[in-house]
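S.K.: Structure file query-v5.pdb, PDB, C-alpha atoms, is pasted below:
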ATOM      1  CA  MET A1279      10.637  31.179 104.302
ATOM      2  CA  THR A1280       8.840  32.877 107.191
ATOM      3  CA  GLU A1281       8.483  36.652 107.098
ATOM      4  CA  VAL A1282       8.575  38.194 110.572
ATOM      5  CA  GLY A1283       5.578  40.430 111.214
ATOM      6  CA  VAL A1284       3.715  39.442 108.033
ATOM      7  CA  ASP A1285       0.049  38.579 108.456
ATOM      8  CA  ARG A1286      -0.433  35.309 106.536
ATOM      9  CA  THR A1287      -4.241  35.175 106.836
ATOM     10  CA  LEU A1288      -5.735  34.354 103.436
ATOM     11  CA  LEU A1289      -7.943  37.209 102.269
ATOM     12  CA  ARG A1290      -8.970  35.775  98.899
ATOM     13  CA  SER A1291      -7.601  34.213  95.741
ATOM     14  CA  ILE A1292      -7.353  35.871  92.356
ATOM     15  CA  GLY A1293      -6.045  34.314  89.164
ATOM     16  CA  GLN A1294      -3.334  31.888  90.215
ATOM     17  CA  TYR A1295      -2.438  33.763  93.403
ATOM     18  CA  ASP A1296      -3.504  33.689  97.045
ATOM     19  CA  LEU A1297      -3.709  37.163  98.590
ATOM     20  CA  PHE A1298      -2.786  37.889 102.182
ATOM     21  CA  ALA A1299      -2.157  41.312 103.725
ATOM     22  CA  VAL A1300      -2.747  44.675 102.038
ATOM     23  CA  LEU A1301       0.580  46.421 101.366
ATOM     24  CA  GLY A1302      -0.790  49.624  99.888
ATOM     25  CA  ARG A1303      -3.783  51.368  98.394
ATOM     26  CA  GLY A1304      -3.969  54.061  95.773
ATOM     27  CA  GLY A1305      -6.201  55.700  93.221
ATOM     28  CA  MET A1306      -5.890  52.904  90.649
ATOM     29  CA  GLY A1307      -5.579  49.775  92.722
ATOM     30  CA  THR A1308      -4.614  47.867  95.847
ATOM     31  CA  VAL A1309      -1.312  46.060  96.324
ATOM     32  CA  TYR A1310      -1.497  42.772  98.192
ATOM     33  CA  LEU A1311       1.064  40.442  99.662
ATOM     34  CA  GLY A1312       0.586  37.108  97.898
ATOM     35  CA  ARG A1313       2.081  33.958  96.458
ATOM     36  CA  LEU A1314       1.209  31.264  93.957
ATOM     37  CA  ALA A1315      -1.829  29.299  95.136
ATOM     38  CA  GLY A1316      -0.980  25.838  96.370
ATOM     39  CA  ALA A1317       2.736  26.629  96.539
ATOM     40  CA  PRO A1318       3.484  27.377 100.201
ATOM     41  CA  THR A1319       7.241  27.445  99.646
ATOM     42  CA  SER A1320       7.152  29.855  96.675
ATOM     43  CA  ASP A1321       8.463  33.394  97.091
ATOM     44  CA  LEU A1322       6.146  36.049  98.412
ATOM     45  CA  VAL A1323       5.162  38.658  95.839
ATOM     46  CA  ALA A1324       3.414  42.030  95.722
ATOM     47  CA  ILE A1325       0.369  41.981  93.436
ATOM     48  CA  LYS A1326      -1.273  45.158  92.194
ATOM     49  CA  VAL A1327      -4.995  44.580  91.638
ATOM     50  CA  PRO A1328      -7.100  47.302  89.962
ATOM     51  CA  HIS A1329     -10.104  48.687  91.791
ATOM     52  CA  PRO A1330     -13.294  46.984  90.514
ATOM     53  CA  HIS A1331     -14.948  50.269  89.547
ATOM     54  CA  LEU A1332     -12.056  51.097  87.222
ATOM     55  CA  LEU A1333     -12.335  47.989  85.050
ATOM     56  CA  ASN A1334     -12.870  48.786  81.370
ATOM     57  CA  THR A1335     -12.009  52.465  81.928
ATOM     58  CA  PRO A1336      -8.982  54.531  80.835
ATOM     59  CA  ALA A1337      -7.503  53.896  84.301
ATOM     60  CA  SER A1338      -7.257  50.174  83.548
ATOM     61  CA  VAL A1339      -5.249  51.016  80.438
ATOM     62  CA  MET A1340      -2.917  53.113  82.619
ATOM     63  CA  LEU A1341      -2.124  49.998  84.659
ATOM     64  CA  GLU A1342      -1.132  48.163  81.488
ATOM     65  CA  ASP A1343       0.979  51.159  80.481
ATOM     66  CA  GLU A1344       2.717  51.115  83.853
ATOM     67  CA  ALA A1345       3.618  47.483  83.267
ATOM     68  CA  ARG A1346       4.977  48.321  79.808
ATOM     69  CA  VAL A1347       7.193  51.050  81.272
ATOM     70  CA  VAL A1348       8.540  48.995  84.188
ATOM     71  CA  ALA A1349       9.222  45.995  81.942
ATOM     72  CA  ASN A1350      11.819  48.089  80.087
ATOM     73  CA  ILE A1351      13.701  49.246  83.200
ATOM     74  CA  SER A1352      16.337  46.955  84.633
ATOM     75  CA  ASP A1353      18.073  48.260  87.729
ATOM     76  CA  PRO A1354      18.405  47.043  91.344
ATOM     77  CA  HIS A1355      16.977  50.379  92.508
ATOM     78  CA  VAL A1356      13.631  49.930  90.718
ATOM     79  CA  VAL A1357      11.012  47.418  91.875
ATOM     80  CA  PRO A1358      10.801  45.159  88.813
ATOM     81  CA  LEU A1359       7.901  43.457  87.090
ATOM     82  CA  ILE A1360       7.771  39.665  87.446
ATOM     83  CA  ALA A1361       4.613  38.893  85.505
ATOM     84  CA  LEU A1362       1.314  40.165  84.168
ATOM     85  CA  GLU A1363      -1.845  38.121  84.423
ATOM     86  CA  ARG A1364      -5.200  38.899  82.852
ATOM     87  CA  THR A1365      -8.113  37.831  85.047
ATOM     88  CA  PRO A1366     -11.837  38.656  85.254
ATOM     89  CA  ASP A1367     -10.780  41.080  88.007
ATOM     90  CA  GLY A1368      -8.496  42.961  85.627
ATOM     91  CA  LEU A1369      -4.812  42.963  84.792
ATOM     92  CA  LEU A1370      -2.603  41.923  87.709
ATOM     93  CA  MET A1371       0.907  43.340  88.062
ATOM     94  CA  VAL A1372       3.123  40.905  89.944
ATOM     95  CA  MET A1373       6.291  42.266  91.559
ATOM     96  CA  PRO A1374       8.749  40.870  94.103
ATOM     97  CA  TYR A1375       7.839  41.520  97.715
ATOM     98  CA  VAL A1376      10.393  43.972  99.076
ATOM     99  CA  ARG A1377      10.406  44.009 102.855
ATOM    100  CA  GLY A1378      10.916  47.399 104.453
ATOM    101  CA  PRO A1379       9.172  50.721 105.028
ATOM    102  CA  THR A1380       8.637  53.469 102.516
ATOM    103  CA  ALA A1381      10.818  56.530 103.015
ATOM    104  CA  SER A1382       7.677  58.279 104.246
ATOM    105  CA  ALA A1383       6.918  55.629 106.871
ATOM    106  CA  LEU A1384      10.561  55.486 107.919
ATOM    107  CA  ALA A1385      10.753  59.263 108.412
ATOM    108  CA  LYS A1386       7.545  59.254 110.474
ATOM    109  CA  ALA A1387       8.794  56.400 112.656
ATOM    110  CA  VAL A1388      12.100  58.144 113.245
ATOM    111  CA  ARG A1389      10.285  61.365 114.212
ATOM    112  CA  ARG A1390       8.024  59.478 116.618
ATOM    113  CA  ALA A1391      11.183  58.172 118.264
ATOM    114  CA  GLY A1392      12.328  61.772 118.730
ATOM    115  CA  SER A1393      15.176  61.481 116.262
ATOM    116  CA  LEU A1394      16.147  62.317 112.668
ATOM    117  CA  VAL A1395      17.377  60.137 109.830
ATOM    118  CA  PRO A1396      21.218  60.129 109.925
ATOM    119  CA  VAL A1397      22.666  62.375 107.221
ATOM    120  CA  PRO A1398      24.640  59.647 105.390
ATOM    121  CA  VAL A1399      21.605  57.338 105.464
ATOM    122  CA  ALA A1400      19.328  60.026 104.002
ATOM    123  CA  VAL A1401      21.887  60.685 101.270
ATOM    124  CA  ARG A1402      22.158  56.967 100.473
ATOM    125  CA  ILE A1403      18.364  56.593 100.226
ATOM    126  CA  VAL A1404      18.128  59.425  97.717
ATOM    127  CA  VAL A1405      21.274  58.430  95.813
ATOM    128  CA  ASP A1406      19.735  54.967  95.378
ATOM    129  CA  ALA A1407      16.494  56.566  94.197
ATOM    130  CA  LEU A1408      18.412  58.697  91.710
ATOM    131  CA  ALA A1409      20.154  55.571  90.405
ATOM    132  CA  GLY A1410      16.776  53.999  89.754
ATOM    133  CA  LEU A1411      15.525  57.177  88.118
ATOM    134  CA  ALA A1412      18.645  57.328  85.945
ATOM    135  CA  ALA A1413      17.880  53.826  84.718
ATOM    136  CA  ALA A1414      14.321  54.907  83.939
ATOM    137  CA  HIS A1415      15.467  58.036  82.107
ATOM    138  CA  GLU A1416      17.884  55.936  80.049
ATOM    139  CA  ALA A1417      15.445  53.083  79.353
ATOM    140  CA  ARG A1418      15.017  51.922  75.790
ATOM    141  CA  ALA A1419      12.439  49.846  73.970
ATOM    142  CA  PRO A1420      13.453  46.428  72.587
ATOM    143  CA  ASP A1421      14.203  48.100  69.234
ATOM    144  CA  GLY A1422      16.679  50.437  70.933
ATOM    145  CA  THR A1423      14.642  53.643  70.778
ATOM    146  CA  SER A1424      14.611  55.846  73.865
ATOM    147  CA  LEU A1425      11.408  55.704  75.892
ATOM    148  CA  HIS A1426      12.016  59.152  77.440
ATOM    149  CA  VAL A1427      10.619  57.935  80.758
ATOM    150  CA  ILE A1428       9.949  60.599  83.404
ATOM    151  CA  HIS A1429       8.508  59.258  86.668
ATOM    152  CA  ARG A1430       6.622  62.489  87.555
ATOM    153  CA  ASP A1431       5.566  61.200  90.971
ATOM    154  CA  VAL A1432       8.774  60.866  92.988
ATOM    155  CA  SER A1433       7.860  61.169  96.660
ATOM    156  CA  PRO A1434       8.698  59.485  99.983
ATOM    157  CA  GLN A1435       5.630  57.272  99.507
ATOM    158  CA  ASN A1436       7.093  55.899  96.272
ATOM    159  CA  LEU A1437      10.520  54.976  97.651
ATOM    160  CA  LEU A1438      11.030  51.697  99.499
ATOM    161  CA  VAL A1439      13.870  51.551 102.027
ATOM    162  CA  ALA A1440      14.381  47.810 102.016
ATOM    163  CA  THR A1441      15.807  45.804 104.870
ATOM    164  CA  ASP A1442      18.632  44.693 102.556
ATOM    165  CA  GLY A1443      19.870  48.304 102.611
ATOM    166  CA  ILE A1444      18.948  49.055  98.997
ATOM    167  CA  SER A1445      16.293  51.697  98.344
ATOM    168  CA  ARG A1446      14.020  51.215  95.363
ATOM    169  CA  VAL A1447      11.698  53.376  93.265
ATOM    170  CA  LEU A1448       8.196  52.097  92.677
ATOM    171  CA  ASP A1449       4.936  53.185  91.048
ATOM    172  CA  PHE A1450       5.359  54.354  87.488
ATOM    173  CA  GLY A1451       1.583  54.697  87.149
ATOM    174  CA  VAL A1452       1.664  58.293  85.925
ATOM    175  CA  ALA A1453       5.091  58.162  84.297
ATOM    176  CA  LYS A1454       5.543  59.980  81.019
ATOM    177  CA  ALA A1455       6.945  57.675  78.332
ATOM    178  CA  VAL A1456       6.929  57.175  74.591
ATOM    179  CA  GLY A1457       4.360  54.634  73.416
ATOM    180  CA  ARG A1458       1.863  54.767  76.243
ATOM    181  CA  LEU A1459      -1.616  53.653  75.192
ATOM    182  CA  GLN A1460      -3.256  56.111  77.581
ATOM    183  CA  LYS A1461      -2.162  59.742  77.584
ATOM    184  CA  THR A1462      -1.130  60.724  81.102
ATOM    185  CA  THR A1463      -1.859  64.423  80.838
ATOM    186  CA  GLN A1464      -5.301  65.468  79.690
ATOM    187  CA  ASP A1465      -7.102  68.775  79.960
ATOM    188  CA  GLY A1466      -4.199  70.269  81.902
ATOM    189  CA  ALA A1467      -4.578  67.766  84.736
ATOM    190  CA  LEU A1468      -1.635  67.494  87.096
ATOM    191  CA  LYS A1469      -0.237  64.030  87.745
ATOM    192  CA  GLY A1470       1.680  63.369  90.932
ATOM    193  CA  LYS A1471       1.806  64.915  94.388
ATOM    194  CA  LEU A1472       1.801  68.701  94.522
ATOM    195  CA  ALA A1473       4.292  69.041  97.384
ATOM    196  CA  TYR A1474       6.989  67.277  95.337
ATOM    197  CA  MET A1475       6.398  68.897  91.948
ATOM    198  CA  PRO A1476       8.821  71.465  90.546
ATOM    199  CA  PRO A1477       7.436  74.819  89.375
ATOM    200  CA  GLU A1478       7.524  73.830  85.690
ATOM    201  CA  GLN A1479       5.290  70.843  86.388
ATOM    202  CA  LEU A1480       2.741  73.085  88.090
ATOM    203  CA  HIS A1481       2.872  75.416  85.095
ATOM    204  CA  GLY A1482       2.251  72.561  82.670
ATOM    205  CA  ALA A1483       5.592  73.058  80.902
ATOM    206  CA  GLU A1484       7.613  70.353  79.172
ATOM    207  CA  LEU A1485       9.135  67.911  81.660
ATOM    208  CA  GLY A1486      12.482  66.130  81.613
ATOM    209  CA  PRO A1487      14.931  64.316  83.910
ATOM    210  CA  THR A1488      15.393  67.490  85.971
ATOM    211  CA  THR A1489      11.743  67.157  87.031
ATOM    212  CA  ASP A1490      12.487  63.905  88.861
ATOM    213  CA  ILE A1491      15.793  65.289  90.180
ATOM    214  CA  TYR A1492      13.935  68.189  91.812
ATOM    215  CA  SER A1493      11.367  65.858  93.406
ATOM    216  CA  ALA A1494      14.066  63.517  94.729
ATOM    217  CA  THR A1495      15.859  66.511  96.240
ATOM    218  CA  VAL A1496      12.671  67.560  98.039
ATOM    219  CA  VAL A1497      12.615  64.061  99.537
ATOM    220  CA  LEU A1498      16.214  64.472 100.713
ATOM    221  CA  TRP A1499      15.501  67.872 102.278
ATOM    222  CA  GLU A1500      12.541  66.410 104.182
ATOM    223  CA  LEU A1501      14.434  63.336 105.378
ATOM    224  CA  LEU A1502      17.113  65.612 106.809
ATOM    225  CA  ALA A1503      14.767  68.233 108.261
ATOM    226  CA  GLY A1504      12.202  65.803 109.659
ATOM    227  CA  ARG A1505       9.360  67.897 108.282
ATOM    228  CA  SER A1506       7.624  68.802 105.059
ATOM    229  CA  LEU A1507       9.135  71.440 102.808
ATOM    230  CA  PHE A1508       6.104  72.637 100.832
ATOM    231  CA  MET A1509       3.007  70.886 102.171
ATOM    232  CA  GLY A1510       0.331  73.441 102.991
ATOM    233  CA  ALA A1511      -3.109  73.433 104.572
ATOM    234  CA  SER A1512      -4.738  72.917 101.169
ATOM    235  CA  ASP A1513      -3.767  72.147  97.595
ATOM    236  CA  ALA A1514      -3.939  75.852  96.803
ATOM    237  CA  ASP A1515      -1.630  76.648  99.716
ATOM    238  CA  THR A1516       0.814  73.931  98.656
ATOM    239  CA  PHE A1517       0.733  75.237  95.075
ATOM    240  CA  ARG A1518       1.584  78.725  96.346
ATOM    241  CA  ARG A1519       4.401  77.448  98.564
ATOM    242  CA  VAL A1520       6.054  75.552  95.704
ATOM    243  CA  LEU A1521       5.942  78.615  93.457
ATOM    244  CA  THR A1522       6.997  81.217  96.025
ATOM    245  CA  ALA A1523       8.865  79.549  98.879
ATOM    246  CA  GLU A1524      12.551  80.052  99.442
ATOM    247  CA  ILE A1525      14.401  76.905 100.436
ATOM    248  CA  PRO A1526      15.536  77.175 104.071
ATOM    249  CA  PRO A1527      19.153  76.034 104.494
ATOM    250  CA  LEU A1528      19.477  72.992 106.716
ATOM    251  CA  ALA A1529      22.887  73.652 108.260
ATOM    252  CA  PRO A1530      21.701  76.314 110.766
ATOM    253  CA  GLU A1531      19.046  74.016 112.269
ATOM    254  CA  ARG A1532      20.962  70.766 111.868
ATOM    255  CA  PRO A1533      24.686  71.214 112.522
ATOM    256  CA  ASP A1534      25.627  67.807 111.127
ATOM    257  CA  VAL A1535      24.487  68.910 107.648
ATOM    258  CA  PRO A1536      27.600  70.399 106.004
ATOM    259  CA  GLU A1537      27.218  73.559 103.958
ATOM    260  CA  VAL A1538      28.458  71.748 100.869
ATOM    261  CA  LEU A1539      25.429  69.419 101.129
ATOM    262  CA  ASP A1540      23.152  72.427 101.593
ATOM    263  CA  SER A1541      24.609  73.844  98.384
ATOM    264  CA  ALA A1542      24.036  70.585  96.512
ATOM    265  CA  ILE A1543      20.428  70.486  97.714
ATOM    266  CA  ALA A1544      19.924  74.115  96.670
ATOM    267  CA  ARG A1545      21.084  73.206  93.170
ATOM    268  CA  GLY A1546      18.707  70.263  93.011
ATOM    269  CA  LEU A1547      15.872  72.577  94.049
ATOM    270  CA  ALA A1548      16.736  75.405  91.659
ATOM    271  CA  GLU A1549      13.613  77.081  90.288
ATOM    272  CA  GLN A1550      14.844  76.909  86.693
ATOM    273  CA  PRO A1551      15.415  73.384  85.312
ATOM    274  CA  GLN A1552      18.573  74.457  83.486
ATOM    275  CA  ALA A1553      20.167  75.463  86.808
ATOM    276  CA  ARG A1554      19.851  71.919  88.197
ATOM    277  CA  CYS A1555      22.086  68.966  87.428
ATOM    278  CA  GLN A1556      20.986  67.821  83.999
ATOM    279  CA  SER A1557      21.061  64.106  84.739
ATOM    280  CA  ALA A1558      20.302  61.937  87.733
ATOM    281  CA  ARG A1559      23.813  60.512  87.569
ATOM    282  CA  ALA A1560      25.302  64.006  87.788
ATOM    283  CA  MET A1561      23.155  64.669  90.872
ATOM    284  CA  ILE A1562      24.400  61.412  92.407
ATOM    285  CA  ALA A1563      27.986  62.584  91.905
ATOM    286  CA  LEU A1564      27.219  65.997  93.429
ATOM    287  CA  LEU A1565      25.569  64.558  96.551
ATOM    288  CA  SER A1566      28.191  61.845  96.993
ATOM    289  CA  ALA A1567      30.966  64.442  96.835
ATOM    290  CA  ALA A1568      29.210  66.467  99.534
ATOM    291  CA  VAL A1569      28.622  63.580 101.964
ATOM    292  CA  ALA A1570      29.792  59.989 101.683
ATOM    293  CA  PRO A1571      26.559  57.947 101.434
ATOM    294  CA  ALA A1572      25.996  55.352 104.135
ATOM    295  CA  SER A1573      26.763  51.724 103.365
ATOM    296  CA  GLU A1574      23.967  49.291 102.562
ATOM    297  CA  ASP A1575      24.567  47.678 105.959
ATOM    298  CA  ASP A1576      24.038  51.010 107.738
ATOM    299  CA  VAL A1577      20.805  51.656 105.823
ATOM    300  CA  ALA A1578      19.664  48.099 106.519
ATOM    301  CA  ARG A1579      20.139  48.572 110.258
ATOM    302  CA  VAL A1580      17.972  51.703 110.196
ATOM    303  CA  ALA A1581      15.314  50.071 108.013
ATOM    304  CA  VAL A1582      15.126  46.951 110.168
ATOM    305  CA  SER A1583      14.800  49.074 113.300
ATOM    306  CA  TYR A1584      11.601  50.648 112.026
ATOM    307  CA  THR A1585      10.135  47.873 109.868
ATOM    308  CA  HIS A1586       6.735  46.338 110.440
ATOM    309  CA  LEU A1587       3.948  45.547 108.015
ATOM    310  CA  ARG A1588       1.915  48.693 108.601
ATOM    311  CA  ALA A1589       4.990  50.822 107.901
ATOM    312  CA  HIS A1590       5.130  49.296 104.423
ATOM    313  CA  GLU A1591       1.730  50.696 103.432
ATOM    314  CA  THR A1592       1.858  53.557 100.976
ATOM    315  CA  VAL A1593      -0.045  55.481  98.354
ATOM    316  CA  LEU A1594       0.797  53.690  95.138
ATOM    317  CA  ASP A1595      -1.050  55.687  92.458
TER     318      ASP A1595
END
Transcribe the structure of this file into structure tokens.

M.R.:
Amino acid sequence: MTEVGVDRTLLRSIGQYDLFAVLGRGGMGTVYLGRLAGAPTSDLVAIKVPHPHLLNTPASVMLEDEARVVANISDPHVVPLIALERTPDGLLMVMPYVRGPTASALAKAVRRAGSLVPVPVAVRIVVDALAGLAAAHEARAPDGTSLHVIHRDVSPQNLLVATDGISRVLDFGVAKAVGRLQKTTQDGALKGKLAYMPPEQLHGAELGPTTDIYSATVVLWELLAGRSLFMGASDADTFRRVLTAEIPPLAPERPDVPEVLDSAIARGLAEQPQARCQSARAMIALLSAAVAPASEDDVARVAVSYTHLRAHETVLD
């Protein structure tokens, strides 16, 4: 199989894999495009390799925890785990290579073209993300106990809009879940991206499925508006905007956004968690009733139009 636009220059080998292009970099590691060494016809994979300076630190345990979480989530809207491999370079997370831009890269490309993401396509991207989040929220350990998974870092950078028309959630590196070896909240530290956190997350309150629903709704608002909702000039400014900003309705500035969708978005962005839909599946129903989501074929056409390797790069931790 030949991937159009994929740089196949060998960078190095690690464990049993050859590594080619860099797909993304983050605080805990780098994700490479790769495949089994000596197997030129094997499927391409995405391999998360920890940064060398993080070996034998709590961060390396977080990578193992991420693998434990993802291994218990089975849904077409979540990038799955194929394998784990322990090497002298650390624990490798091997995932299928999903071709397509992140929602962030897609939105930027559309803006550069002087356009906006079509309303039904934006709704489909976020409905798919919510389906993946629902599967995470409902995930259970092999013994049947609930893992109480909360992603906590839903953002456009962590959503892949694949060229098959299916959007997928990735990066559970800071997810909250039962049984993690490494605690993900210490000394009041915030995990995730400030501009997509709900007020309760900034306040350090207990988090639940509505946390991820809020963040996914921020993503939808931004895909439709073509601009950031809360991002400020500094972290302090962003923090203030999240806590104090009113949510501008989209219908007045974008006539093809129906008021019923504006109302659904306002509910997803409600300041109080109890005022939001209480499950990701309920939010899917609300959005789908407001606007019929685009078909996978329609999303695929948009994704293919703006796909190239650099667009796939993202912050993964």

S.K.: I'd like the contact shell of region 1552-1561 of chain A - 7 Å cut-off, all atoms listed in the file, skipping same-chain residues fewer than 6 positions apart - returned as a ChimeraX atom specification.

M.R.: /A:1408-1409,1411-1412,1487-1488,1491,1545-1546

S.K.: Could you list as a short mmCIF file (atom, residue, chain, number, x, y, z; two decimals) with C-alpha atoms, in the coordinates of the input every residue that has an atom within 6 Å of (14.3, 63.1, 108.2), using the file's coordinates and counting all atoms listed in the file?

M.R.:
data_model
loop_
_atom_site.label_atom_id
_atom_site.label_comp_id
_atom_site.auth_asym_id
_atom_site.auth_seq_id
_atom_site.Cartn_x
_atom_site.Cartn_y
_atom_site.Cartn_z
CA ALA A 1385 10.75 59.26 108.41
CA LEU A 1394 16.15 62.32 112.67
CA VAL A 1395 17.38 60.14 109.83
CA GLU A 1500 12.54 66.41 104.18
CA LEU A 1501 14.43 63.34 105.38
CA LEU A 1502 17.11 65.61 106.81
CA ALA A 1503 14.77 68.23 108.26
CA GLY A 1504 12.20 65.80 109.66
#

S.K.: For the structure provided, state which residues fall under the PyMOL selection byres ((chain A and resi 1571) around 7), and present them as a list in words.

M.R.: Pro1398, Val1399, Val1401, Arg1402, Ser1566, Val1569, Ala1570, Ala1572 and Ser1573 of chain A

S.K.: Which is closer to Ile1543 (chain A) than all the others in A:Ser1583, A:Thr1380, A:Thr1495, A:Thr1287, using only C-alpha atoms?

M.R.: A:Thr1495

S.K.: Pick from A:Phe1517, A:Trp1499, A:Phe1508, A:Phe1450: nearest to Arg1430 (chain A), with all atoms listed in the file counted?

M.R.: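 Closest candidate: A:Phe1450.
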
S.K.: Excluding Met1373 (chain A) and residues on its chain fewer than 6 positions from it, collect all residues at most 8 Å away from it, counting only C-alpha atoms, and give them as a PyMOL selection string.

M.R.: chain A and resi 1323-1325+1357-1361

S.K.: Decode the PyMOL selection byres ((chain A and resi 1507) around 12) for the given file into explicit residues and return them as a ChimeraX atom specification.

M.R.: /A:1472-1475,1493,1495-1506,1508-1510,1516,1519-1520,1523-1528,1547

S.K.: Taking the file above as input, evaluate the PyMOL selection byres ((chain A and resi 1354) around 10) and report the hits as number ranges by chain.

M.R.: A: 1351-1353, 1355-1358, 1406, 1409-1410, 1413, 1444-1447

S.K.: Which polymer residues have any atom within 6 Å of an atom of region 1309-1315 of chain A, counting only C-alpha atoms, with same-chain residues fewer than 3 positions away left out, as a list in words?

M.R.: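 Answer for this query is Gln1294, Tyr1295, Asp1296, Leu1297, Phe1298, Ala1299, Val1300, Leu1301, Gly1302, Leu1322, Val1323, Ala1324, Ile1325 and Lys1326 of chain A.
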
S.K.: For Ala1544 (chain A), which residue out of A:Ala1453, A:Glu1344, A:Leu1438, A:Leu1565 is the nearest one, using all atoms listed in the file?

M.R.: A:Leu1565

S.K.: Tell me, in Å to one decimal, how far CA of Ala1578 (chain A) is from CA of Pro1379 (chain A).

M.R.: 10.9 Å

S.K.: Select, from A:Val1405, A:Ala1455, A:Leu1437, A:Val1538, the residue with the minimum atom-to-atom distance to Thr1423 (chain A), counting all atoms listed in the file.

M.R.: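 Smallest distance to Thr1423 (chain A) is found for A:Ala1455.
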
S.K.: Report, in Å with one decimal, the straight-line distance from CA of Pro1420 (chain A) to CA of Ala1349 (chain A).

M.R.: 10.3 Å

S.K.: How many Å lie between CA of Leu1564 (chain A) and CA of His1481 (chain A), rounded to one decimal?

M.R.: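 These two atoms are separated by 27.4 Å.
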
S.K.: The centre and edge lengths of an axis-aligned box containing all atoms of region 1356-1365 of chain A present in the file, extended by 3 Å on each side, are to be given in Å to one decimal, as AutoDock Vina command-line options.

M.R.:
--center_x 2.8 --center_y 43.9 --center_z 87.4 --size_x 27.7 --size_y 18.1 --size_z 15.0

S.K.: Of the candidates A:Asp1442, A:Asp1490, A:Asp1367, A:Asp1513, which one gets nearest to Val1580 (chain A) if we count all atoms listed in the file?

M.R.: A:Asp1442
